[in-house]
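Chemist: So that you have it, the file is run23.txt, and it contains compact mmCIF, C-alpha atoms and all ligand atoms:
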# COMPACT_ATOMS: atom_id res chain seq x y z
CA MET A 1 146.99 2.04 16.38
CA ASN A 2 146.19 -1.42 17.67
CA PHE A 3 148.38 -3.66 19.80
CA ASN A 4 150.43 -5.46 17.14
CA THR A 5 151.03 -2.35 15.06
CA ARG A 6 152.08 -0.43 18.15
CA LEU A 7 154.48 -3.21 19.14
CA LEU A 8 156.28 -2.77 15.84
CA HIS A 9 156.08 0.97 15.20
CA GLU A 10 155.32 3.00 18.32
CA GLY A 11 158.14 5.02 19.80
CA VAL A 12 160.67 3.44 17.46
CA LYS A 13 163.59 5.79 17.01
CA LYS A 14 165.80 6.24 13.96
CA GLU A 15 168.74 3.91 14.48
CA PRO A 16 172.29 4.51 13.19
CA TYR A 17 172.87 3.61 9.52
CA GLY A 18 169.13 2.93 9.06
CA ALA A 19 169.30 -0.21 11.19
CA THR A 20 165.78 -1.60 11.75
CA PHE A 21 166.55 -2.61 15.31
CA PRO A 22 168.30 -0.82 18.20
CA PRO A 23 171.96 -1.90 18.38
CA ILE A 24 173.35 -3.74 21.40
CA PHE A 25 175.47 -1.25 23.33
CA GLN A 26 177.60 -3.88 25.04
CA SER A 27 179.58 -1.24 26.92
CA SER A 28 179.99 -0.93 30.68
CA ALA A 29 180.75 2.78 30.68
CA PHE A 30 180.24 5.77 28.39
CA ALA A 31 182.86 8.46 27.79
CA GLN A 32 181.96 12.16 27.67
CA GLU A 33 183.65 15.08 25.90
CA SER A 34 184.49 16.93 29.08
CA GLY A 35 184.66 16.60 32.84
CA GLU A 36 181.75 19.03 33.05
CA ASP A 37 179.62 16.83 30.77
CA LEU A 38 180.19 13.78 32.97
CA ALA A 39 179.50 15.78 36.11
CA GLY A 40 176.25 17.00 34.52
CA ILE A 41 175.08 13.43 33.95
CA PHE A 42 175.90 12.48 37.54
CA GLU A 43 173.96 15.49 38.79
CA ASN A 44 170.92 14.56 36.64
CA LYS A 45 171.29 17.91 34.88
CA LYS A 46 172.33 16.53 31.52
CA MET A 47 170.84 13.67 29.47
CA GLY A 48 173.32 10.94 28.70
CA TYR A 49 174.85 7.70 29.84
CA CYS A 50 177.71 7.10 32.23
CA TYR A 51 177.61 3.48 33.46
CA THR A 52 175.41 0.51 32.48
CA ARG A 53 174.50 -0.32 36.08
CA VAL A 54 172.58 3.00 36.03
CA ALA A 55 171.35 3.14 32.44
CA ASN A 56 172.25 1.95 28.94
CA PRO A 57 170.77 2.91 25.55
CA THR A 58 169.75 -0.66 24.60
CA ILE A 59 168.06 -1.13 27.96
CA THR A 60 166.39 2.28 27.60
CA ALA A 61 164.93 1.21 24.25
CA PHE A 62 163.38 -1.86 25.92
CA GLU A 63 162.11 0.17 28.88
CA GLU A 64 160.49 2.75 26.61
CA ARG A 65 158.59 0.09 24.68
CA ILE A 66 157.29 -1.49 27.89
CA THR A 67 156.27 1.94 29.21
CA LYS A 68 154.20 2.51 26.06
CA LEU A 69 152.58 -0.93 26.24
CA GLU A 70 151.67 -0.65 29.92
CA GLY A 71 150.61 2.98 29.58
CA GLY A 72 152.92 4.35 32.29
CA ILE A 73 155.33 7.29 32.52
CA ALA A 74 158.59 5.34 32.88
CA SER A 75 159.98 1.84 33.40
CA VAL A 76 163.08 0.32 34.93
CA ALA A 77 164.30 -3.00 33.51
CA CYS A 78 165.99 -5.35 35.98
CA SER A 79 168.08 -8.51 36.03
CA SER A 80 165.02 -10.68 36.83
CA GLY A 81 161.34 -10.53 37.64
CA MET A 82 162.23 -11.00 41.30
CA ALA A 83 164.67 -8.08 41.13
CA ALA A 84 161.92 -5.92 39.60
CA LEU A 85 159.46 -6.95 42.32
CA SER A 86 161.99 -6.43 45.14
CA ASN A 87 162.81 -2.98 43.78
CA ALA A 88 159.16 -2.07 43.22
CA LEU A 89 158.31 -2.70 46.88
CA LEU A 90 161.50 -1.79 48.71
CA ASN A 91 161.66 1.57 46.92
CA ILE A 92 158.90 2.82 49.23
CA LEU A 93 159.14 0.59 52.32
CA GLN A 94 161.10 0.77 55.54
CA SER A 95 161.29 -1.21 58.76
CA GLY A 96 157.91 -1.32 60.51
CA ASP A 97 155.89 -1.12 57.28
CA GLU A 98 153.37 -3.68 56.14
CA ILE A 99 152.32 -5.10 52.77
CA ILE A 100 148.80 -6.41 52.19
CA SER A 101 149.08 -9.16 49.60
CA SER A 102 146.78 -11.60 47.88
CA ALA A 103 147.64 -15.05 49.24
CA SER A 104 147.47 -16.51 45.74
CA LEU A 105 151.03 -15.81 44.63
CA TYR A 106 153.98 -17.08 42.68
CA GLY A 107 156.10 -19.13 45.13
CA GLY A 108 159.17 -16.92 44.65
CA SER A 109 157.22 -13.87 45.78
CA ILE A 110 156.10 -15.65 48.95
CA ASP A 111 159.74 -16.57 49.59
CA LEU A 112 160.79 -12.92 49.07
CA PHE A 113 158.16 -11.65 51.50
CA ARG A 114 159.49 -14.12 54.07
CA ASP A 115 163.07 -12.90 53.46
CA ILE A 116 162.25 -9.22 53.98
CA GLU A 117 160.72 -9.92 57.38
CA ALA A 118 164.34 -9.81 58.61
CA PHE A 119 164.34 -6.12 57.61
CA GLY A 120 161.19 -5.42 59.62
CA ILE A 121 158.75 -5.55 56.70
CA LYS A 122 155.71 -7.71 57.33
CA THR A 123 153.20 -9.12 54.86
CA ARG A 124 149.55 -9.68 55.69
CA TYR A 125 148.03 -12.24 53.35
CA VAL A 126 144.40 -11.96 52.37
CA GLU A 127 142.16 -14.08 50.18
CA ASN A 128 142.13 -12.50 46.72
CA ASN A 129 138.94 -10.53 45.92
CA ASN A 130 137.65 -11.03 49.49
CA TRP A 131 136.86 -7.35 50.08
CA GLU A 132 135.86 -7.64 53.75
CA GLU A 133 139.03 -9.49 54.64
CA ILE A 134 141.10 -6.98 52.65
CA GLU A 135 139.46 -3.98 54.35
CA ALA A 136 140.09 -5.54 57.74
CA ALA A 137 143.82 -6.05 57.03
CA PHE A 138 144.61 -2.31 56.85
CA ASN A 139 146.24 -0.48 59.74
CA GLU A 140 148.51 2.56 60.16
CA HIS A 141 151.55 0.49 59.08
CA THR A 142 150.07 -0.54 55.71
CA LYS A 143 152.07 1.05 52.89
CA VAL A 144 151.26 -1.00 49.80
CA VAL A 145 148.78 -3.53 48.38
CA PHE A 146 150.00 -6.30 46.09
CA ALA A 147 148.38 -8.92 43.85
CA GLU A 148 148.91 -10.78 40.58
CA THR A 149 146.58 -10.15 37.63
CA ILE A 150 146.15 -13.90 37.21
CA GLY A 151 147.49 -15.74 40.25
CA ASN A 152 150.19 -18.28 39.43
CA PRO A 153 149.37 -21.19 39.75
CA CYS A 154 145.91 -20.69 41.33
CA LEU A 155 144.69 -18.87 38.18
CA ASP A 156 142.31 -16.66 40.14
CA VAL A 157 141.71 -13.35 38.34
CA THR A 158 142.07 -10.16 40.39
CA ASP A 159 139.41 -7.48 40.16
CA ILE A 160 142.10 -4.79 39.81
CA ASP A 161 139.63 -1.87 39.64
CA LYS A 162 138.06 -2.79 42.96
CA LEU A 163 141.38 -3.57 44.66
CA ALA A 164 142.82 -0.22 43.47
CA GLU A 165 139.77 1.59 44.79
CA ILE A 166 140.23 0.04 48.24
CA ALA A 167 144.00 0.68 48.32
CA HIS A 168 143.47 4.32 47.30
CA SER A 169 140.72 4.84 49.86
CA HIS A 170 143.41 3.99 52.46
CA GLY A 171 145.97 6.27 50.80
CA VAL A 172 148.30 3.49 49.63
CA PRO A 173 149.38 2.39 46.14
CA LEU A 174 148.51 -0.84 44.36
CA VAL A 175 151.38 -2.86 42.86
CA ILE A 176 150.30 -5.48 40.31
CA ASP A 177 152.38 -8.40 39.02
CA ASN A 178 151.15 -8.65 35.42
CA THR A 179 153.47 -11.50 34.36
CA THR A 180 150.81 -14.10 33.58
CA ALA A 181 148.53 -11.68 31.73
CA THR A 182 151.06 -9.37 30.01
CA PRO A 183 150.02 -5.94 28.66
CA TYR A 184 148.43 -7.81 25.72
CA LEU A 185 145.61 -9.07 27.96
CA VAL A 186 145.53 -6.39 30.66
CA LYS A 187 146.85 -2.90 31.08
CA ALA A 188 146.73 -2.85 34.86
CA ILE A 189 147.29 0.93 34.98
CA GLU A 190 144.01 1.50 33.12
CA HIS A 191 142.35 -0.49 35.91
CA GLY A 192 143.89 1.68 38.63
CA ALA A 193 147.22 -0.02 39.42
CA ASP A 194 149.98 2.43 40.39
CA ILE A 195 153.03 0.26 39.69
CA VAL A 196 153.11 -2.75 37.34
CA VAL A 197 155.75 -5.47 37.49
CA ASN A 198 156.38 -7.98 34.71
CA SER A 199 158.77 -10.90 34.77
CA SER A 200 159.87 -10.43 31.17
CA SER A 201 161.59 -13.83 31.38
CA LYS A 202 158.18 -15.25 30.50
CA TYR A 203 155.78 -14.11 27.74
CA ILE A 204 157.53 -10.83 26.92
CA ASN A 205 160.76 -12.59 25.99
CA GLY A 206 158.72 -15.56 24.79
CA SER A 207 161.48 -17.98 23.91
CA SER A 208 163.00 -18.46 27.38
CA ASN A 209 166.41 -17.19 26.36
CA SER A 210 167.02 -14.68 29.15
CA ILE A 211 165.95 -13.87 32.70
CA SER A 212 164.72 -10.32 33.23
CA GLY A 213 162.04 -8.19 34.79
CA VAL A 214 160.64 -4.73 34.37
CA LEU A 215 158.61 -2.37 36.51
CA THR A 216 156.47 0.48 35.20
CA ASP A 217 155.23 3.52 37.10
CA SER A 218 151.85 5.02 36.23
CA GLY A 219 152.91 8.37 37.69
CA HIS A 220 149.43 8.62 39.24
CA PHE A 221 150.13 8.02 42.92
CA LYS A 222 150.52 11.12 45.10
CA TRP A 223 153.52 10.32 47.31
CA THR A 224 153.86 12.29 50.51
CA ARG A 225 156.89 12.70 52.72
CA ASP A 226 154.85 11.94 55.83
CA LYS A 227 153.68 8.55 54.69
CA TYR A 228 156.71 7.57 52.59
CA PRO A 229 159.71 9.15 54.34
CA VAL A 230 162.15 6.95 52.36
CA LEU A 231 161.29 8.96 49.24
CA GLY A 232 162.90 11.95 50.95
CA ASP A 233 163.91 14.77 48.60
CA TYR A 234 162.68 12.85 45.57
CA ILE A 235 159.15 13.99 46.48
CA LYS A 236 160.02 17.24 44.70
CA TYR A 237 159.98 15.41 41.36
CA GLY A 238 156.19 14.99 41.67
CA PRO A 239 154.95 12.18 39.39
CA PHE A 240 158.59 11.16 38.77
CA ALA A 241 159.45 10.88 42.49
CA TYR A 242 159.11 7.09 42.60
CA ILE A 243 161.01 6.31 39.40
CA SER A 244 163.80 8.86 40.09
CA LYS A 245 164.44 7.42 43.51
CA MET A 246 164.43 3.94 42.00
CA ARG A 247 167.06 4.66 39.38
CA SER A 248 169.32 6.64 41.72
CA GLY A 249 168.59 4.39 44.67
CA LEU A 250 168.13 0.63 45.17
CA TYR A 251 168.19 -0.26 41.47
CA ARG A 252 171.61 1.31 41.04
CA ASN A 253 173.02 0.57 44.46
CA MET A 254 172.02 -3.07 44.74
CA GLY A 255 173.17 -3.61 41.15
CA THR A 256 169.99 -5.10 39.72
CA CYS A 257 170.52 -3.93 36.14
CA LEU A 258 169.67 -5.98 33.08
CA SER A 259 172.34 -6.95 30.57
CA PRO A 260 172.08 -4.98 27.29
CA PHE A 261 172.17 -8.25 25.35
CA ASN A 262 169.15 -9.59 27.27
CA ALA A 263 167.30 -6.31 26.66
CA TYR A 264 167.94 -6.85 22.95
CA LEU A 265 166.62 -10.43 23.09
CA ASN A 266 163.52 -9.17 24.90
CA MET A 267 162.90 -6.64 22.14
CA ILE A 268 162.98 -9.39 19.54
CA GLY A 269 160.44 -11.27 21.65
CA LEU A 270 158.24 -8.22 22.13
CA GLU A 271 157.60 -7.87 18.39
CA THR A 272 155.58 -11.10 18.43
CA LEU A 273 154.00 -10.80 21.89
CA GLY A 274 150.53 -10.15 20.47
CA LEU A 275 150.70 -12.97 17.92
CA ARG A 276 151.99 -15.43 20.47
CA MET A 277 149.51 -14.50 23.18
CA GLU A 278 146.60 -14.73 20.77
CA ARG A 279 147.65 -18.23 19.71
CA GLN A 280 148.62 -19.38 23.22
CA CYS A 281 145.34 -18.20 24.78
CA GLN A 282 143.37 -19.89 21.98
CA ASN A 283 145.34 -23.14 22.40
CA ALA A 284 144.90 -23.04 26.19
CA TYR A 285 141.16 -22.50 25.83
CA GLU A 286 140.78 -25.39 23.39
CA LEU A 287 142.94 -27.75 25.43
CA ALA A 288 141.10 -26.83 28.66
CA LYS A 289 137.69 -27.29 27.05
CA TRP A 290 138.66 -30.62 25.52
CA LEU A 291 140.13 -31.93 28.80
CA ASP A 292 137.07 -30.76 30.73
CA GLU A 293 134.64 -32.43 28.32
CA SER A 294 136.61 -35.64 27.79
CA TYR A 295 137.73 -36.62 31.31
CA PRO A 296 135.13 -36.62 34.10
CA ASP A 297 137.85 -37.76 36.54
CA VAL A 298 140.14 -34.80 35.71
CA THR A 299 139.41 -31.40 37.28
CA VAL A 300 140.35 -28.61 34.91
CA ASN A 301 141.05 -25.10 36.22
CA TYR A 302 141.06 -22.37 33.56
CA PRO A 303 139.54 -18.88 33.94
CA GLY A 304 137.96 -19.17 30.48
CA LEU A 305 135.84 -22.22 31.28
CA ALA A 306 132.14 -21.62 32.00
CA ASN A 307 132.52 -23.50 35.31
CA SER A 308 135.44 -21.32 36.52
CA LYS A 309 134.94 -19.44 39.79
CA TRP A 310 136.69 -16.48 38.17
CA LYS A 311 134.86 -16.40 34.83
CA ASP A 312 132.90 -13.23 35.69
CA ILE A 313 135.90 -11.19 36.85
CA ALA A 314 137.90 -12.61 33.93
CA ASN A 315 135.26 -11.30 31.52
CA THR A 316 135.53 -7.79 32.91
CA ILE A 317 139.34 -7.65 33.19
CA LEU A 318 140.65 -9.86 30.38
CA LYS A 319 139.48 -8.62 27.01
CA LYS A 320 141.39 -10.71 24.51
CA GLY A 321 141.73 -14.13 26.10
CA TYR A 322 141.94 -15.93 29.42
CA GLY A 323 145.66 -16.47 29.62
CA ALA A 324 147.69 -19.45 28.48
CA ILE A 325 148.04 -21.38 31.72
CA LEU A 326 145.74 -24.09 33.01
CA THR A 327 146.00 -26.61 35.78
CA ILE A 328 144.58 -30.11 35.97
CA ARG A 329 144.03 -32.42 38.94
CA VAL A 330 144.40 -36.02 37.90
CA GLY A 331 143.54 -37.87 41.15
CA SER A 332 146.93 -38.67 42.68
CA LYS A 333 150.55 -37.58 42.73
CA LYS A 334 151.50 -40.92 41.16
CA ARG A 335 149.17 -40.33 38.21
CA ALA A 336 150.39 -36.74 37.87
CA PHE A 337 153.96 -37.98 37.40
CA GLU A 338 152.81 -40.78 35.06
CA VAL A 339 150.92 -38.31 32.86
CA MET A 340 153.84 -35.85 32.76
CA ASN A 341 156.30 -38.62 31.92
CA LYS A 342 154.11 -39.99 29.11
CA LEU A 343 153.71 -36.62 27.40
CA THR A 344 156.08 -36.31 24.43
CA ILE A 345 155.60 -32.66 23.35
CA PRO A 346 155.76 -30.56 26.55
CA TYR A 347 158.99 -29.99 28.40
CA ILE A 348 158.97 -30.93 32.08
CA LEU A 349 160.32 -27.77 33.66
CA SER A 350 159.43 -24.97 36.05
CA ASN A 351 158.72 -22.04 33.77
CA ILE A 352 155.82 -20.39 31.98
CA GLY A 353 155.37 -18.24 28.90
CA ASP A 354 157.57 -20.15 26.46
CA THR A 355 156.56 -20.71 22.83
CA LYS A 356 156.73 -24.41 23.72
CA THR A 357 154.25 -26.13 26.01
CA LEU A 358 155.62 -26.75 29.52
CA VAL A 359 154.36 -28.94 32.37
CA VAL A 360 155.32 -28.98 36.03
CA HIS A 361 154.17 -30.63 39.27
CA PRO A 362 154.08 -27.52 41.50
CA ALA A 363 153.76 -29.35 44.85
CA SER A 364 157.16 -31.04 44.46
CA THR A 365 158.96 -28.15 42.75
CA ILE A 366 158.05 -24.44 42.80
CA SER A 367 155.88 -24.81 45.92
CA LEU A 368 158.20 -27.22 47.73
CA HIS A 369 158.99 -24.70 50.49
CA SER A 370 155.39 -23.59 51.05
CA THR A 371 153.49 -24.33 54.24
CA PRO A 372 150.21 -26.30 54.02
CA LYS A 373 148.29 -23.02 54.36
CA GLU A 374 150.32 -21.38 51.58
CA LEU A 375 149.72 -24.41 49.35
CA GLU A 376 145.98 -24.20 49.92
CA ASP A 377 145.95 -20.44 49.19
CA ALA A 378 147.99 -20.93 46.03
CA GLY A 379 145.64 -23.70 44.88
CA VAL A 380 148.42 -26.29 44.84
CA TYR A 381 147.48 -29.94 45.38
CA ASP A 382 149.45 -33.18 45.30
CA ASP A 383 147.69 -34.33 42.13
CA LEU A 384 147.98 -31.02 40.28
CA ILE A 385 149.85 -30.42 37.01
CA ARG A 386 150.37 -26.88 35.73
CA ILE A 387 150.39 -26.55 31.96
CA SER A 388 151.85 -23.46 30.26
CA VAL A 389 150.46 -23.79 26.76
CA GLY A 390 152.68 -22.95 23.79
CA ILE A 391 152.10 -22.04 20.15
CA GLU A 392 152.11 -25.62 18.80
CA ASP A 393 149.23 -26.90 16.66
CA VAL A 394 146.60 -27.62 19.28
CA GLU A 395 145.54 -30.91 17.60
CA ASP A 396 149.01 -32.26 18.39
CA LEU A 397 148.77 -31.18 22.03
CA ILE A 398 145.32 -32.78 22.36
CA GLU A 399 146.60 -36.02 20.84
CA ASP A 400 149.58 -36.02 23.21
CA PHE A 401 147.38 -35.48 26.28
CA ARG A 402 144.96 -38.17 25.03
CA ASN A 403 147.80 -40.69 24.91
CA ALA A 404 149.20 -39.62 28.28
CA LEU A 405 145.88 -39.63 30.17
CA GLY A 406 144.81 -42.94 28.63
C1 LIG A 501 158.44 -16.09 37.10
C2 LIG A 501 157.61 -15.15 37.87
C3 LIG A 501 158.21 -14.17 38.68
C4 LIG A 501 159.71 -14.08 38.86
O1 LIG A 501 160.35 -13.77 37.67
P1 LIG A 501 161.89 -14.17 37.38
O2 LIG A 501 162.15 -13.50 36.07
O3 LIG A 501 161.95 -15.66 37.32
O4 LIG A 501 162.71 -13.63 38.49
C5 LIG A 501 157.39 -13.32 39.37
N1 LIG A 501 156.05 -13.40 39.28
C6 LIG A 501 155.44 -14.32 38.50
C7 LIG A 501 153.95 -14.35 38.43
C8 LIG A 501 156.19 -15.23 37.78
O5 LIG A 501 155.60 -16.16 37.02
Step by step, read the file and then write its structure as structure tokens.
Modeler:
Amino acid sequence: MNFNTRLLHEGVKKEPYGATFPPIFQSSAFAQESGEDLAGIFENKKMGYCYTRVANPTITAFEERITKLEGGIASVACSSGMAALSNALLNILQSGDEIISSASLYGGSIDLFRDIEAFGIKTRYVENNNWEEIEAAFNEHTKVVFAETIGNPCLDVTDIDKLAEIAHSHGVPLVIDNTTATPYLVKAIEHGADIVVNSSSKYINGSSNSISGVLTDSGHFKWTRDKYPVLGDYIKYGPFAYISKMRSGLYRNMGTCLSPFNAYLNMIGLETLGLRMERQCQNAYELAKWLDESYPDVTVNYPGLANSKWKDIANTILKKGYGAILTIRVGSKKRAFEVMNKLTIPYILSNIGDTKTLVVHPASTISLHSTPKELEDAGVYDDLIRISVGIEDVEDLIEDFRNALG
């Protein structure tokens, strides 16, 4: 089956009363027939639900669909993309460990990496796809490599196959943030990623009606007690070591669960992920091409443009489109604000992946707390506008940008 058919039919279970959609189990706890039954669930000896902070049938339905789409063995859905990312990394790290990360990152992830320094976890930033610099960053403390499929907002495309190869040659896993690409464009696990994180607040939900995140384990990485002592006795679960420790560990104990209602909203969004991505990527391509051809004084950054630095990697990694985000440099901060304020269709807000087109001035918002070096690495400039392209009729978007740019 192909992507859209799978979205609608794969792994769909028979629901009560013939319902065509999983019900919302808006219940905090789940009663069992006997004390023994409840004890069995707590001891992981019996299938079943006890408390929504640990697991919930509506959330499970969402997790199972994401697992299928990403091609992993299991997923854990969290209260936000940041919760999913924190869990994905902290599940295997302890004080003294180091992360090697692409420097081209979502601002929130940079902030998180700064926060966890207080717990003795250090991040070494490297230029994305700079293999010599990446090789040189490894040492005996390195425990994980991290990058985004398409860096937000730099829009550099990561050669995941190559990065996975390097990580594995040093005996560490690769964690990929696939938010900007989604499993529609890239299945990072097929390219060698071990753990995939998606902020499902964005394209997966699609309509910006709930914050959530989800992480998926490929089950491929061979965890060892020597290198990852925090996995402890979970090592005995083999390919399920990582995900078992997650669900019984930080996910449960820090309370990062998703609400069942938000899982339900995400499942509604998921049904149209393919349709939306197809349209959004097409719109982004047409808008980028038109801007690039029409305005010599505007610099357009989009991985699908022939002049993009990342076109070649994009062509090997992204099979169905080049993503739905582009950035433009308009000459000055003043003009950036003027253009944004003159636009009538896009919302001015700091989000991506909505059905509606969104614009933001990253330097004064999402990247406000970044250092000059971090801004440079993230490709953020004072005159830069990020555009998250929606599913509108592209002629209307072009007309709106024509009026705003003058
Ligand atoms: C939005 C975003 C996140 C964080 O997700 P939240 O759901 O907002 O917590 C992480 N990574 C990327 C690339 C994002 O765009």
Chemist: Residues at most 9 Å from range 223-240 of chain A, counting all atoms listed in the file, excluding those fewer than 4 positions away in the same chain, as a list in words?
Modeler: Ile73, Ala74, Asn91, Ile92, Leu93, Gln94, Lys143, Gly171, Val172, Asp217, Ser218, Gly219, Ser244 and Lys245 of chain A
Chemist: Edge lengths and centre in Å to one decimal, as JSON, of the axis-aligned box that encloses all listed atoms of ligand LIG 501 (chain A) with 3 Å added on every side?
Modeler:
{"center_x": 158.3, "center_y": -14.7, "center_z": 37.7, "size_x": 14.8, "size_y": 8.8, "size_z": 9.3}
Chemist: Wanna dump the chain A-ligand LIG 501 (chain A) contacts at 8 Å for me, each residue with its shortest atom pair and the distance in Å to one decimal, counting only C-alpha atoms and all ligand atoms, ordered by chain and number, as CSV?
Modeler:
residue,atom,partner,partner_atom,distance
A:Ser79,CA,A:LIG501,O2,7.8
A:Ser80,CA,A:LIG501,O2,4.1
A:Gly81,CA,A:LIG501,O1,3.4
A:Met82,CA,A:LIG501,O4,3.9
A:Ala83,CA,A:LIG501,O4,6.5
A:Ala84,CA,A:LIG501,O4,7.8
A:Leu85,CA,A:LIG501,C5,7.3
A:Leu105,CA,A:LIG501,C7,7.0
A:Tyr106,CA,A:LIG501,C7,5.1
A:Gly108,CA,A:LIG501,C4,6.5
A:Ser109,CA,A:LIG501,C5,6.4
A:Glu148,CA,A:LIG501,C7,6.5
A:Ile150,CA,A:LIG501,C7,7.9
A:Gly151,CA,A:LIG501,C7,6.9
A:Asn152,CA,A:LIG501,C7,5.5
A:Asp177,CA,A:LIG501,C7,6.2
A:Asn178,CA,A:LIG501,C7,7.0
A:Thr179,CA,A:LIG501,C7,5.0
A:Thr180,CA,A:LIG501,C7,5.8
A:Asn198,CA,A:LIG501,N1,7.1
A:Ser199,CA,A:LIG501,O1,4.4
A:Ser200,CA,A:LIG501,O2,6.2
A:Ser201,CA,A:LIG501,O2,4.7
A:Lys202,CA,A:LIG501,C1,6.7
A:Ile211,CA,A:LIG501,O2,5.1
A:Ser212,CA,A:LIG501,O2,5.0
A:Gly213,CA,A:LIG501,O2,5.5
A:Asn351,CA,A:LIG501,C1,6.8
A:Ile352,CA,A:LIG501,O5,6.6
Chemist: Place a sphere of radius 9 Å on (149.4, -20.4, 17.7) in the file coordinates and name every protein, DNA or RNA residue with an atom inside or on its surface, counting only C-alpha atoms; give the answer as a PyMOL selection string.
Modeler: chain A and resi 275-283+355+390-394
Chemist: Between CA of Leu291 in chain A and CA of Tyr322 in chain A, what is the distance, to one decimal in Å?
Modeler: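 One can read the CA of Leu291 in chain A to CA of Tyr322 in chain A distance as 16.1 Å.
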Chemist: Of the candidates A:Thr357, A:Asn315, A:Ser34, A:Thr344, which shows the shortest atom-to-atom distance to Asp159 in chain A, using all atoms listed in the file?
Modeler: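 Closest to Asp159 in chain A, using all atoms listed in the file: A:Asn315.
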Chemist: Find the distance between CA of Tyr203 in chain A and CA of Leu270 in chain A and write it in Å to one decimal.
Modeler: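 A separation of 8.5 Å between them.
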Chemist: Quick check, in Å to one decimal: how far apart do CA of Lys342 in chain A and CA of Val359 in chain A lie?
Modeler: 11.5 Å
Chemist: Considering only C-alpha atoms, state which residue in the set A:Pro153, A:Pro57, A:Gly269, A:Pro183 is at the smallest distance from Ser208 in chain A.
Modeler: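 Closest residue, counting only C-alpha atoms: A:Gly269.
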Chemist: Report as a list in words all protein, DNA and RNA residues lying within 8 Å of Ile268 in chain A, evaluated on only C-alpha atoms, omitting residues in the same chain fewer than 4 positions from it.
Modeler: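 Close residues of Ile268 in chain A: Asn205, Tyr264 and Thr272 of chain A.
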Chemist: Quick one: everything within 12 Å of Val12 in chain A, counting only C-alpha atoms, minus sequence neighbours fewer than 3 positions away in the same chain. Send it as a compact mmCIF listing (two decimals) with C-alpha atoms, in the coordinates of the input.
Modeler:
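As written to disk, selection07.txt reads:
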# COMPACT_ATOMS: atom_id res chain seq x y z
CA THR A 5 151.03 -2.35 15.06
CA ARG A 6 152.08 -0.43 18.15
CA LEU A 7 154.48 -3.21 19.14
CA LEU A 8 156.28 -2.77 15.84
CA HIS A 9 156.08 0.97 15.20
CA GLU A 15 168.74 3.91 14.48
CA GLY A 18 169.13 2.93 9.06
CA ALA A 19 169.30 -0.21 11.19
CA THR A 20 165.78 -1.60 11.75
CA PHE A 21 166.55 -2.61 15.31
CA PRO A 22 168.30 -0.82 18.20
CA THR A 60 166.39 2.28 27.60
CA ALA A 61 164.93 1.21 24.25
CA PHE A 62 163.38 -1.86 25.92
CA GLU A 63 162.11 0.17 28.88
CA GLU A 64 160.49 2.75 26.61
CA ARG A 65 158.59 0.09 24.68
CA LYS A 68 154.20 2.51 26.06
CA MET A 267 162.90 -6.64 22.14
CA GLU A 271 157.60 -7.87 18.39
Chemist: What lies within 8 Å of Ala193 in chain A using all atoms listed in the file, ignoring chain neighbours under 4 positions off, as a count of residues only?
Modeler: 10
